[in-house]
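K.L.:
This is work.tsv (TSV, C-alpha atoms).
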```tsv
chain	number	residue	atom	x	y	z
A	1	MET	CA	9.77	-43.23	-10.56
A	2	ASP	CA	7.95	-42.51	-7.31
A	3	LYS	CA	6.85	-38.87	-7.20
A	4	ARG	CA	8.18	-38.51	-3.68
A	5	LYS	CA	11.67	-39.50	-4.80
A	6	LEU	CA	11.38	-37.18	-7.80
A	7	TRP	CA	10.48	-34.20	-5.60
A	8	CYS	CA	13.24	-35.09	-3.12
A	9	GLY	CA	15.80	-35.29	-5.92
A	10	GLY	CA	14.73	-31.92	-7.28
A	11	TRP	CA	15.15	-30.25	-3.90
A	12	LEU	CA	18.57	-31.86	-3.46
A	13	VAL	CA	19.70	-30.50	-6.83
A	14	ALA	CA	18.49	-27.03	-5.79
A	15	ALA	CA	20.33	-27.39	-2.47
A	16	ALA	CA	23.56	-28.24	-4.28
A	17	TRP	CA	23.08	-25.19	-6.50
A	18	ALA	CA	22.53	-22.90	-3.52
A	19	ALA	CA	25.42	-24.40	-1.54
A	20	VAL	CA	27.91	-23.20	-4.15
A	21	PHE	CA	27.39	-19.48	-3.45
A	22	PRO	CA	28.78	-19.32	0.13
A	23	PHE	CA	32.05	-20.90	-1.06
A	24	ILE	CA	32.81	-18.83	-4.15
A	25	MET	CA	33.68	-15.18	-4.69
A	26	ALA	CA	30.03	-14.21	-5.07
A	27	PRO	CA	28.52	-10.90	-3.91
A	28	GLU	CA	27.32	-10.80	-0.33
A	29	PRO	CA	23.58	-10.96	-1.19
A	30	HIS	CA	24.20	-14.18	-3.15
A	31	ARG	CA	26.10	-15.76	-0.25
A	32	VAL	CA	23.36	-14.88	2.23
A	33	TRP	CA	20.74	-16.31	-0.09
A	34	GLY	CA	22.79	-19.46	-0.69
A	35	MET	CA	23.12	-20.31	3.01
A	36	SER	CA	19.44	-19.78	3.76
A	37	ALA	CA	18.17	-21.44	0.58
A	38	CYS	CA	20.39	-24.50	0.99
A	39	LEU	CA	18.95	-25.17	4.44
A	40	GLY	CA	15.40	-24.65	3.16
A	41	TYR	CA	15.91	-27.02	0.23
A	42	LEU	CA	17.37	-29.75	2.45
A	43	CYS	CA	14.39	-29.52	4.81
A	44	ALA	CA	12.07	-29.61	1.79
A	45	ALA	CA	13.81	-32.75	0.49
A	46	VAL	CA	13.22	-34.54	3.80
A	47	ALA	CA	9.57	-33.46	3.91
A	48	ALA	CA	9.03	-34.60	0.31
A	49	LEU	CA	9.78	-38.21	1.34
A	50	SER	CA	6.92	-38.21	3.84
A	51	SER	CA	4.03	-40.51	3.04
A	52	ARG	CA	1.53	-38.18	4.65
A	53	PRO	CA	-1.05	-36.51	2.37
A	54	ARG	CA	0.33	-33.04	3.08
A	55	GLY	CA	3.99	-33.98	2.64
A	56	ARG	CA	4.32	-32.27	-0.73
A	57	ALA	CA	2.66	-29.09	0.51
A	58	VAL	CA	4.95	-29.01	3.54
A	59	SER	CA	8.02	-29.44	1.35
A	60	VAL	CA	6.97	-26.52	-0.89
A	61	CYS	CA	6.33	-24.31	2.15
A	62	LEU	CA	9.72	-25.15	3.63
A	63	ALA	CA	11.45	-24.35	0.35
A	64	LEU	CA	9.58	-21.06	0.01
A	65	GLY	CA	10.45	-20.15	3.59
A	66	GLY	CA	14.15	-20.95	3.24
A	67	ALA	CA	14.74	-19.71	-0.32
A	68	VAL	CA	12.35	-16.75	-0.52
A	69	VAL	CA	10.83	-15.46	2.71
A	70	LEU	CA	13.77	-15.68	5.12
A	71	PRO	CA	16.53	-14.34	2.83
A	72	PHE	CA	14.24	-11.69	1.36
A	73	VAL	CA	13.33	-10.32	4.80
A	74	LEU	CA	16.94	-10.47	6.00
A	75	LEU	CA	18.36	-8.75	2.92
A	76	VAL	CA	15.68	-6.05	2.88
A	77	LEU	CA	16.06	-5.30	6.61
A	78	THR	CA	19.83	-4.98	6.28
A	79	GLY	CA	19.64	-3.06	2.99
A	80	THR	CA	21.91	-5.60	1.25
A	81	ALA	CA	21.22	-5.86	-2.47
A	82	GLN	CA	22.77	-5.91	-5.91
A	83	SER	CA	23.68	-2.59	-7.45
A	84	GLU	CA	20.64	-2.72	-9.77
A	85	VAL	CA	18.35	-2.03	-6.82
A	86	GLY	CA	20.13	1.21	-6.04
A	87	VAL	CA	20.00	2.21	-9.70
A	88	VAL	CA	16.23	1.70	-9.81
A	89	GLU	CA	15.70	3.63	-6.59
A	90	ARG	CA	17.88	6.49	-7.82
A	91	SER	CA	15.95	6.60	-11.08
A	92	GLY	CA	12.73	7.03	-9.11
A	93	LEU	CA	14.24	9.94	-7.20
A	94	LEU	CA	15.50	11.57	-10.41
A	95	THR	CA	12.09	11.16	-12.02
A	96	LEU	CA	10.48	13.10	-9.18
A	97	ARG	CA	13.10	15.83	-9.36
A	98	GLN	CA	13.61	16.31	-13.10
A	99	ALA	CA	10.89	14.16	-14.77
A	100	THR	CA	13.52	11.89	-16.33
A	101	PRO	CA	15.53	9.06	-14.69
A	102	TYR	CA	18.83	9.79	-16.48
A	103	LEU	CA	21.76	11.82	-15.22
A	104	PRO	CA	22.94	14.15	-17.98
A	105	ASP	CA	26.64	13.45	-17.40
A	106	PRO	CA	27.35	10.24	-15.43
A	107	HIS	CA	30.91	9.95	-14.12
A	108	THR	CA	30.93	6.28	-13.07
A	109	VAL	CA	29.23	3.12	-14.25
A	110	GLY	CA	27.11	3.19	-11.10
A	111	GLU	CA	25.48	6.43	-12.26
A	112	VAL	CA	24.29	4.90	-15.54
A	113	THR	CA	20.60	3.94	-15.78
A	114	PRO	CA	20.37	1.16	-18.40
A	115	TYR	CA	16.57	0.89	-18.17
A	116	LEU	CA	13.72	2.58	-19.94
A	117	PRO	CA	11.72	5.17	-17.96
A	118	GLY	CA	9.04	2.71	-16.80
A	119	MET	CA	11.47	0.99	-14.45
A	120	ALA	CA	11.61	4.15	-12.34
A	121	VAL	CA	8.11	3.34	-11.04
A	122	PHE	CA	9.62	0.73	-8.73
A	123	GLY	CA	11.97	3.35	-7.30
A	124	LEU	CA	9.26	5.89	-6.53
A	125	PRO	CA	8.38	4.43	-3.09
A	126	ARG	CA	11.95	5.04	-1.92
A	127	ALA	CA	11.89	8.55	-3.32
A	128	VAL	CA	8.61	9.34	-1.54
A	129	LEU	CA	9.18	7.55	1.79
A	130	GLY	CA	12.91	8.11	2.18
A	131	GLU	CA	14.99	6.04	4.58
A	132	SER	CA	14.15	7.63	7.93
A	133	GLY	CA	12.99	4.68	10.00
A	134	PRO	CA	12.78	0.93	9.55
A	135	LEU	CA	9.28	0.86	8.05
A	136	PRO	CA	9.95	3.41	5.27
A	137	GLY	CA	13.24	1.64	4.63
A	138	VAL	CA	11.45	-1.65	4.07
A	139	LEU	CA	8.50	-0.25	2.12
A	140	GLY	CA	10.82	1.80	-0.06
A	141	ASP	CA	12.91	-1.16	-1.17
A	142	ALA	CA	12.45	-1.64	-4.92
A	143	ARG	CA	12.70	-5.43	-4.57
A	144	LEU	CA	9.47	-5.50	-2.60
A	145	TRP	CA	7.49	-3.85	-5.40
A	146	CYS	CA	9.22	-5.87	-8.10
A	147	ALA	CA	8.13	-9.04	-6.28
A	148	VAL	CA	4.59	-7.69	-5.84
A	149	ALA	CA	4.39	-6.90	-9.56
A	150	PHE	CA	5.66	-10.35	-10.56
A	151	LEU	CA	3.33	-12.27	-8.26
A	152	GLY	CA	0.44	-10.01	-9.21
A	153	CYS	CA	1.02	-10.77	-12.89
A	154	LEU	CA	1.04	-14.50	-12.15
A	155	TRP	CA	-2.26	-14.18	-10.30
A	156	ALA	CA	-3.82	-12.13	-13.10
A	157	ALA	CA	-2.57	-14.54	-15.76
A	158	ARG	CA	-3.99	-17.51	-13.86
A	159	ARG	CA	-7.38	-15.81	-13.67
A	160	ALA	CA	-7.24	-14.89	-17.36
A	161	ILE	CA	-6.64	-18.45	-18.54
A	162	ARG	CA	-8.82	-20.17	-15.95
A	163	PRO	CA	-11.49	-22.30	-17.64
A	164	PRO	CA	-15.06	-21.00	-17.34
A	165	ALA	CA	-17.36	-22.21	-14.63
A	166	GLY	CA	-18.77	-25.60	-15.41
A	167	ALA	CA	-15.93	-26.60	-17.73
A	168	PRO	CA	-14.53	-30.08	-17.09
A	169	SER	CA	-11.20	-30.27	-15.28
A	170	ALA	CA	-9.03	-33.01	-13.96
A	171	ALA	CA	-9.67	-33.90	-10.36
A	172	GLY	CA	-6.91	-32.72	-8.10
A	173	GLY	CA	-5.15	-31.02	-11.01
A	174	GLY	CA	-5.54	-27.57	-9.49
A	175	ALA	CA	-3.80	-28.54	-6.25
A	176	SER	CA	-0.96	-30.33	-8.04
A	177	ARG	CA	-0.50	-27.39	-10.37
A	178	GLY	CA	-0.45	-25.01	-7.41
A	179	TYR	CA	2.29	-27.04	-5.74
A	180	ALA	CA	4.27	-27.02	-8.97
A	181	VAL	CA	3.99	-23.23	-9.32
A	182	GLY	CA	5.01	-22.76	-5.68
A	183	ALA	CA	7.99	-25.07	-6.17
A	184	PHE	CA	9.09	-23.13	-9.24
A	185	VAL	CA	8.87	-19.81	-7.38
A	186	ALA	CA	10.99	-21.39	-4.64
A	187	SER	CA	13.53	-22.69	-7.17
A	188	PRO	CA	16.83	-20.86	-7.68
A	189	VAL	CA	15.65	-19.62	-11.09
A	190	VAL	CA	13.09	-17.31	-9.44
A	191	ALA	CA	14.06	-17.17	-5.76
A	192	LEU	CA	17.62	-15.92	-6.27
A	193	PRO	CA	16.80	-12.87	-8.44
A	194	LEU	CA	13.71	-12.14	-6.36
A	195	CYS	CA	15.81	-11.81	-3.20
A	196	VAL	CA	18.99	-10.14	-4.43
A	197	SER	CA	17.78	-7.93	-7.28
A	198	GLY	CA	14.30	-8.46	-8.65
A	199	VAL	CA	14.50	-5.97	-11.52
A	200	ASP	CA	13.85	-8.58	-14.24
A	201	LEU	CA	10.83	-10.13	-12.53
A	202	PRO	CA	8.29	-7.41	-13.41
A	203	LEU	CA	9.36	-7.70	-17.04
A	204	THR	CA	8.92	-11.49	-16.94
A	205	GLY	CA	5.53	-11.25	-15.28
A	206	LEU	CA	4.20	-8.63	-17.70
A	207	LEU	CA	5.36	-10.58	-20.75
A	208	PHE	CA	3.69	-13.73	-19.47
A	209	LEU	CA	0.52	-11.79	-18.68
A	210	ALA	CA	0.48	-10.29	-22.19
A	211	LEU	CA	0.74	-13.74	-23.78
A	212	ALA	CA	-2.02	-15.05	-21.50
A	213	PHE	CA	-4.33	-12.21	-22.54
A	214	ALA	CA	-3.50	-12.79	-26.20
A	215	ALA	CA	-4.29	-16.48	-25.84
A	216	ARG	CA	-7.70	-15.54	-24.40
A	217	ARG	CA	-8.50	-13.14	-27.29
A	218	ARG	CA	-8.18	-9.94	-25.24
A	219	PRO	CA	-6.21	-7.58	-27.50
A	220	VAL	CA	-6.54	-4.39	-25.46
A	221	ALA	CA	-5.45	-6.06	-22.22
A	222	ALA	CA	-2.56	-7.76	-24.02
A	223	GLY	CA	-1.52	-4.44	-25.56
A	224	LEU	CA	-1.54	-2.68	-22.18
A	225	ALA	CA	0.60	-5.41	-20.60
A	226	LEU	CA	3.00	-5.22	-23.54
A	227	ALA	CA	3.22	-1.43	-23.26
A	228	ALA	CA	4.09	-1.70	-19.57
A	229	ALA	CA	6.75	-4.33	-20.29
A	230	CYS	CA	8.22	-2.43	-23.25
A	231	SER	CA	8.60	0.68	-21.10
A	232	LEU	CA	10.85	-1.24	-18.67
A	233	LYS	CA	13.47	-2.73	-21.03
A	234	TRP	CA	13.84	-2.74	-24.78
A	235	THR	CA	14.52	-6.48	-24.63
A	236	ALA	CA	10.74	-6.84	-24.25
A	237	TRP	CA	10.05	-5.43	-27.72
A	238	PRO	CA	10.22	-8.81	-29.55
A	239	ALA	CA	7.24	-9.94	-27.47
A	240	VAL	CA	5.00	-7.59	-29.45
A	241	ALA	CA	5.49	-9.64	-32.62
A	242	VAL	CA	4.79	-12.92	-30.81
A	243	ALA	CA	1.63	-11.64	-29.09
A	244	VAL	CA	0.33	-10.03	-32.29
A	245	THR	CA	0.71	-13.25	-34.30
A	246	LEU	CA	-1.02	-15.17	-31.53
A	247	LEU	CA	-3.89	-12.66	-31.58
A	248	ALA	CA	-4.12	-12.88	-35.37
A	249	HIS	CA	-4.38	-16.66	-35.18
A	250	HIS	CA	-6.99	-16.66	-32.42
A	251	ALA	CA	-9.04	-13.50	-32.89
A	252	GLY	CA	-8.34	-12.27	-36.41
A	253	ILE	CA	-6.43	-9.44	-38.06
A	254	ARG	CA	-8.52	-6.66	-36.51
A	255	ALA	CA	-7.79	-7.85	-32.99
A	256	ALA	CA	-4.09	-8.19	-33.81
A	257	VAL	CA	-3.96	-4.63	-35.19
A	258	ARG	CA	-5.81	-3.35	-32.13
A	259	GLY	CA	-3.41	-5.08	-29.76
A	260	ALA	CA	-0.37	-3.84	-31.67
A	261	ALA	CA	-1.71	-0.27	-31.71
A	262	VAL	CA	-2.29	-0.30	-27.94
A	263	ALA	CA	1.16	-1.77	-27.30
A	264	VAL	CA	3.04	0.67	-29.52
A	265	GLY	CA	0.96	3.68	-28.53
A	266	GLY	CA	1.25	2.91	-24.82
A	267	THR	CA	5.01	2.43	-25.05
A	268	VAL	CA	5.42	5.74	-26.86
A	269	LEU	CA	3.35	7.56	-24.24
A	270	LEU	CA	5.42	6.10	-21.42
A	271	VAL	CA	8.84	6.63	-23.00
A	272	LEU	CA	8.34	9.84	-24.99
A	273	PRO	CA	8.57	12.36	-22.09
A	274	SER	CA	12.04	11.16	-21.08
A	275	ALA	CA	13.07	10.86	-24.73
A	276	LEU	CA	12.18	14.52	-25.27
A	277	LEU	CA	13.74	15.78	-22.03
A	278	SER	CA	17.01	13.83	-22.28
A	279	PRO	CA	17.40	12.18	-25.69
A	280	GLY	CA	21.18	11.92	-25.58
A	281	PRO	CA	21.47	10.30	-22.13
A	282	LEU	CA	18.64	7.90	-22.97
A	283	VAL	CA	20.34	6.67	-26.13
A	284	GLN	CA	23.76	6.43	-24.49
A	285	GLN	CA	22.65	4.73	-21.28
A	286	VAL	CA	19.77	2.52	-22.49
A	287	PHE	CA	21.01	1.40	-25.91
A	288	ALA	CA	24.74	2.07	-26.28
A	289	PHE	CA	25.87	1.05	-22.78
A	290	PRO	CA	24.27	-2.45	-22.66
A	291	THR	CA	25.69	-3.31	-26.10
A	292	GLY	CA	29.24	-2.32	-25.16
A	293	ARG	CA	29.30	0.93	-27.16
A	294	GLY	CA	28.91	3.41	-24.31
A	295	PRO	CA	31.55	5.45	-22.49
A	296	PHE	CA	31.71	2.86	-19.70
A	297	GLU	CA	32.33	-0.87	-19.92
A	298	THR	CA	29.21	-2.86	-19.09
A	299	PRO	CA	29.52	-5.34	-16.18
A	300	ALA	CA	27.48	-7.87	-18.22
A	301	ALA	CA	30.51	-9.79	-19.43
A	302	SER	CA	29.68	-13.50	-19.27
A	303	PRO	CA	31.58	-15.59	-21.86
A	304	LEU	CA	28.63	-15.98	-24.22
A	305	PRO	CA	29.18	-16.30	-28.00
A	306	GLY	CA	28.27	-12.70	-28.78
A	307	ARG	CA	30.53	-11.35	-26.04
A	308	LEU	CA	33.45	-13.51	-27.17
A	309	LEU	CA	33.06	-12.22	-30.71
A	310	ALA	CA	32.84	-8.59	-29.55
A	311	ASP	CA	36.09	-8.98	-27.60
A	312	LEU	CA	37.93	-9.62	-30.89
A	313	GLY	CA	37.61	-5.98	-31.88
A	314	PRO	CA	35.34	-3.84	-34.06
A	315	ALA	CA	35.04	-6.56	-36.70
A	316	GLY	CA	33.97	-9.06	-34.06
A	317	TRP	CA	31.41	-6.62	-32.66
A	318	TYR	CA	29.85	-6.11	-36.08
A	319	ALA	CA	29.88	-9.87	-36.65
A	320	ALA	CA	28.03	-10.40	-33.37
A	321	VAL	CA	25.46	-7.75	-34.33
A	322	ALA	CA	25.03	-9.33	-37.76
A	323	MET	CA	24.46	-12.76	-36.22
A	324	LEU	CA	22.02	-11.23	-33.75
A	325	LEU	CA	20.01	-9.60	-36.54
A	326	ALA	CA	20.04	-12.83	-38.55
A	327	GLY	CA	18.79	-14.79	-35.57
A	328	GLY	CA	16.04	-12.27	-34.95
A	329	LEU	CA	15.01	-12.40	-38.60
A	330	ALA	CA	14.86	-16.21	-38.48
A	331	VAL	CA	12.55	-16.11	-35.45
A	332	PHE	CA	10.36	-13.50	-37.16
A	333	VAL	CA	10.06	-15.63	-40.29
A	334	SER	CA	9.08	-18.59	-38.13
A	335	LEU	CA	6.20	-16.51	-36.74
A	336	LEU	CA	4.91	-15.97	-40.28
A	337	VAL	CA	5.44	-19.53	-41.48
A	338	ARG	CA	4.15	-21.29	-38.39
A	339	PRO	CA	2.43	-18.84	-35.99
A	340	PRO	CA	1.92	-19.88	-32.36
A	341	HIS	CA	-1.58	-21.16	-31.63
A	342	ASP	CA	-1.71	-21.24	-27.81
A	343	LEU	CA	0.01	-19.93	-24.70
A	344	VAL	CA	2.64	-22.68	-24.57
A	345	SER	CA	3.70	-22.35	-28.20
A	346	ALA	CA	3.81	-18.54	-27.92
A	347	ALA	CA	5.91	-18.66	-24.76
A	348	ASP	CA	8.26	-21.15	-26.39
A	349	ARG	CA	8.69	-18.97	-29.47
A	350	LEU	CA	9.40	-15.89	-27.37
A	351	ALA	CA	11.80	-17.88	-25.20
A	352	VAL	CA	13.71	-19.00	-28.30
A	353	GLY	CA	13.92	-15.44	-29.56
A	354	LEU	CA	15.17	-14.12	-26.23
A	355	CYS	CA	17.74	-16.91	-25.96
A	356	VAL	CA	19.05	-16.01	-29.41
A	357	ALA	CA	19.24	-12.35	-28.39
A	358	PHE	CA	21.02	-13.00	-25.10
A	359	LEU	CA	23.47	-15.51	-26.55
A	360	LEU	CA	24.45	-13.42	-29.59
A	361	ALA	CA	24.35	-9.92	-28.05
A	362	PRO	CA	27.75	-8.19	-27.82
A	363	ALA	CA	27.31	-8.04	-24.03
A	364	GLY	CA	25.30	-10.26	-21.72
A	365	ARG	CA	25.33	-12.51	-18.69
A	366	PHE	CA	24.12	-15.99	-17.90
A	367	GLY	CA	21.48	-14.63	-15.53
A	368	TYR	CA	19.55	-13.15	-18.46
A	369	LEU	CA	18.62	-16.67	-19.57
A	370	ALA	CA	16.40	-17.02	-16.51
A	371	LEU	CA	13.79	-14.88	-18.30
A	372	PRO	CA	13.11	-17.25	-21.24
A	373	VAL	CA	13.32	-20.28	-18.95
A	374	THR	CA	10.73	-18.76	-16.63
A	375	LEU	CA	8.38	-17.95	-19.51
A	376	ALA	CA	8.53	-21.49	-20.91
A	377	VAL	CA	8.03	-23.15	-17.53
A	378	LEU	CA	5.23	-20.87	-16.37
A	379	ALA	CA	3.32	-21.42	-19.59
A	380	ARG	CA	3.21	-25.12	-18.79
A	381	LEU	CA	2.55	-24.81	-15.07
A	382	VAL	CA	-0.01	-22.01	-15.12
A	383	GLY	CA	-1.40	-22.37	-18.62
A	384	GLY	CA	-1.61	-26.14	-18.73
A	385	ALA	CA	-0.19	-28.72	-21.04
A	386	HIS	CA	0.32	-28.12	-24.73
A	387	ARG	CA	-2.88	-29.06	-26.55
A	388	LYS	CA	-3.41	-29.40	-30.26
A	389	GLU	CA	-6.30	-27.66	-31.88
A	390	PRO	CA	-9.20	-29.96	-32.73
A	391	ALA	CA	-9.46	-30.95	-36.35
A	392	HIS	CA	-13.10	-30.12	-37.02
A	393	ASP	CA	-12.94	-30.90	-40.74
A	394	LEU	CA	-11.50	-34.39	-40.42
A	395	VAL	CA	-14.01	-37.10	-41.32
A	396	VAL	CA	-13.16	-40.75	-40.80
A	397	ARG	CA	-15.19	-43.44	-42.49
A	398	THR	CA	-14.89	-46.92	-41.08
A	399	SER	CA	-17.09	-48.79	-43.56
A	400	ARG	CA	-19.72	-48.26	-46.20
A	401	PRO	CA	-23.10	-47.89	-44.56
A	402	ALA	CA	-25.39	-50.87	-45.18
A	403	ARG	CA	-28.45	-50.35	-47.28
A	404	PRO	CA	-31.75	-50.78	-45.50
A	405	ALA	CA	-33.33	-54.18	-46.06
A	406	PRO	CA	-36.39	-54.14	-48.35
A	407	VAL	CA	-39.73	-54.32	-46.64
A	408	PRO	CA	-41.45	-57.57	-47.60
A	409	ALA	CA	-44.79	-57.22	-49.32
A	410	ALA	CA	-47.85	-57.99	-47.23
A	411	ARG	CA	-49.42	-61.39	-47.68
A	412	GLY	CA	-52.29	-61.44	-50.03
A	413	ALA	CA	-51.05	-58.45	-51.98
A	414	ARG	CA	-50.76	-59.05	-55.69
```
Could you render the structure as C-alpha cells?
P.N.:
Amino acid sequence: MDKRKLWCGGWLVAAAWAAVFPFIMAPEPHRVWGMSACLGYLCAAVAALSSRPRGRAVSVCLALGGAVVLPFVLLVLTGTAQSEVGVVERSGLLTLRQATPYLPDPHTVGEVTPYLPGMAVFGLPRAVLGESGPLPGVLGDARLWCAVAFLGCLWAARRAIRPPAGAPSAAGGGASRGYAVGAFVASPVVALPLCVSGVDLPLTGLLFLALAFAARRRPVAAGLALAAACSLKWTAWPAVAVAVTLLAHHAGIRAAVRGAAVAVGGTVLLVLPSALLSPGPLVQQVFAFPTGRGPFETPAASPLPGRLLADLGPAGWYAAVAMLLAGGLAVFVSLLVRPPHDLVSAADRLAVGLCVAFLLAPAGRFGYLALPVTLAVLARLVGGAHRKEPAHDLVVRTSRPARPAPVPAARGAR
C-alpha cells in the first residue's frame, strides 16, 4: 500500500476516535480535546496525501497542532482539567505545609491522594507560584510539568540508545523515525491524556528511560530512573524485575545487583519520610483505595475482568486478587526462563505484565492500558526494530576444503 494512503488512513481513524467525545457524556476537557483534535487529524489526513517531499512532515505538524498544542493551551488557560490534576496540585501544597501529601482524615473521594509521595513534585509549582495572575496560573499547572517530564524522558532515552558516532545507519531512517515518533505523540493514545490529565505520562517516560539505560548497560542511571518512577505509583514496581533481568543479561550479575540496589534504595529514600509521618493515610489512600478496599469507592470502575469479579462480593474480590497474583507470578517466571535481551523485548515483557495487572485488578479503567501500549510502541519507534543477537559460535561448512596439489619435481632431479 502507498505510504501516503497509509498515513491518511491512520489520521482518519484518529479523527473518528476524537469525533466521538463531543457527542457522548464525556467530561468537558475530553469534549474540548475531541473537537480540536478531530479538526487537526482531518487536516493532517489531507496533507498526508500530498506528493510534495514535506507532505508527511506537514501532516505531523498539523496533527500535533490540533491534537496537542491548541487544546493543551486552551485547557490550561481556562483551568479546565480532570480531577487528577487538582489532586496532584493539592498534594504539592500539602507537602510544603506538612511534609506529606496525605490528608489525615479525608471526607470525600476528592480529598484522597492515590499516588506515592513523588507525584507531589509536579504540584509544587502551583504551591509556590499560586494562582494570582495568568502567568503563575499557567506555569503552576501540573499538566505542563508532566508533559515536560515525559518529553524530557523521551529525549534522554533517544540519546541513550543513539548509536555511536561512525556507526552505520540507514539513510533517511532518522527522519522517518522522527516523523513516526511525532505522529505517535499526536495520536489519541498520548495526546488525550497529555491535554486533559497528564499524571501517567511521567511514569511512562521514566519507565521507558529506565529500560533504555538498562539496554545500554548503565545500571546506576537505570536504577535512578526506576526509583523516580517507583516513587510516583506502585504500579511501576514490576519494572524493577524487568530492568534487572535485562541488566543481568547484558552487563552481568554485578551490574544487575547495582541497579536493583539503586532502584530500591532510591525508592525508600523518596517514600520513607511520608511513610513515617503518615503511615495510616498512605496505606489507606495509596494501596487500599485503588484496589476497592478503602473507605470510598474508587472511580476506576471500567468493566474489566478483575472489576467484574470484585463486584460479585468478597469471594469475587479474593478471586480477582488470586488471579492477579498468579498472572504476576507467570510473568516473573517468564523473566527467569527467557529473560529479555534488548529494549524491545524488555518493553514487551513489561507491557504484558502491566496489561495482566490492569485487566485482573479489582478496580481499573480502560485508560490505564495506554501505559503498556505506549511502552511497546516507543520501544520500536525510538529504540529501533527488534534485532536478534548475533550467533558468534555458529560455524557453517559448505564443503570439505580441497587439498593443495602436489608440487611437481623439478626436471633433472632424480
K.L.:
Quick one: of A:Ala186, A:Ala236, A:Val109, A:Val128, who's nearest to Gly40 of chain A, counting all atoms listed in the file?
P.N.:
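When distances to Gly40 of chain A are compared using all atoms listed in the file, the smallest one comes from A:Ala186.
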K.L.:
Looking at A:Gly92, A:Gly66, A:Pro305, A:Pro362, which one is nearest to Ala127 of chain A, with distances taken over all atoms listed in the file?
P.N.:
A:Gly92
K.L.:
Tell me which of A:Val189, A:Val196, A:Arg97, A:Val46 sits closest to Pro29 of chain A, counting only C-alpha atoms.
P.N.:
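Of A:Val189, A:Val196, A:Arg97, A:Val46, the one nearest Pro29 of chain A, counting only C-alpha atoms, is A:Val196.
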K.L.:
Nearest to Pro101 of chain A: which of A:Val286, A:Leu49, A:Leu354, A:Leu329 is it, counting only C-alpha atoms?
P.N.:
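Counting only C-alpha atoms, the residue closest to Pro101 of chain A is A:Val286.
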K.L.:
When distances are computed from all atoms listed in the file, which of A:Ala142, A:Leu360, A:Ala260, A:Ala346 shows the smallest separation from Leu209 of chain A?
P.N.:
A:Ala346
K.L.:
Near segment 373-377 of chain A, within 10 Å and counting only C-alpha atoms, which residues show up once chain neighbours fewer than 2 positions away are dropped, as a ChimeraX atom specification?
P.N.:
/A:181,184-185,189-190,201,204-205,207-208,211,343-352,354-355,368-371,379-383
K.L.:
Could you turn the residues from that selection into a file that holds C-alpha atoms, as a PDB file, in the frame of the given file?
P.N.:
```
ATOM      1  CA  VAL A 181       3.990 -23.230  -9.320  1.00  0.00           C
ATOM      2  CA  PHE A 184       9.090 -23.130  -9.240  1.00  0.00           C
ATOM      3  CA  VAL A 185       8.870 -19.810  -7.380  1.00  0.00           C
ATOM      4  CA  VAL A 189      15.650 -19.620 -11.090  1.00  0.00           C
ATOM      5  CA  VAL A 190      13.090 -17.310  -9.440  1.00  0.00           C
ATOM      6  CA  LEU A 201      10.830 -10.130 -12.530  1.00  0.00           C
ATOM      7  CA  THR A 204       8.920 -11.490 -16.940  1.00  0.00           C
ATOM      8  CA  GLY A 205       5.530 -11.250 -15.280  1.00  0.00           C
ATOM      9  CA  LEU A 207       5.360 -10.580 -20.750  1.00  0.00           C
ATOM     10  CA  PHE A 208       3.690 -13.730 -19.470  1.00  0.00           C
ATOM     11  CA  LEU A 211       0.740 -13.740 -23.780  1.00  0.00           C
ATOM     12  CA  LEU A 343       0.010 -19.930 -24.700  1.00  0.00           C
ATOM     13  CA  VAL A 344       2.640 -22.680 -24.570  1.00  0.00           C
ATOM     14  CA  SER A 345       3.700 -22.350 -28.200  1.00  0.00           C
ATOM     15  CA  ALA A 346       3.810 -18.540 -27.920  1.00  0.00           C
ATOM     16  CA  ALA A 347       5.910 -18.660 -24.760  1.00  0.00           C
ATOM     17  CA  ASP A 348       8.260 -21.150 -26.390  1.00  0.00           C
ATOM     18  CA  ARG A 349       8.690 -18.970 -29.470  1.00  0.00           C
ATOM     19  CA  LEU A 350       9.400 -15.890 -27.370  1.00  0.00           C
ATOM     20  CA  ALA A 351      11.800 -17.880 -25.200  1.00  0.00           C
ATOM     21  CA  VAL A 352      13.710 -19.000 -28.300  1.00  0.00           C
ATOM     22  CA  LEU A 354      15.170 -14.120 -26.230  1.00  0.00           C
ATOM     23  CA  CYS A 355      17.740 -16.910 -25.960  1.00  0.00           C
ATOM     24  CA  TYR A 368      19.550 -13.150 -18.460  1.00  0.00           C
ATOM     25  CA  LEU A 369      18.620 -16.670 -19.570  1.00  0.00           C
ATOM     26  CA  ALA A 370      16.400 -17.020 -16.510  1.00  0.00           C
ATOM     27  CA  LEU A 371      13.790 -14.880 -18.300  1.00  0.00           C
ATOM     28  CA  ALA A 379       3.320 -21.420 -19.590  1.00  0.00           C
ATOM     29  CA  ARG A 380       3.210 -25.120 -18.790  1.00  0.00           C
ATOM     30  CA  LEU A 381       2.550 -24.810 -15.070  1.00  0.00           C
ATOM     31  CA  VAL A 382      -0.010 -22.010 -15.120  1.00  0.00           C
ATOM     32  CA  GLY A 383      -1.400 -22.370 -18.620  1.00  0.00           C
TER      33      GLY A 383
END
```
K.L.:
Closest to Ala57 of chain A among A:Val321, A:Ala183, A:Val112, A:Cys153, using all atoms listed in the file?
P.N.:
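Under the stated criterion, the closest residue is A:Ala183.
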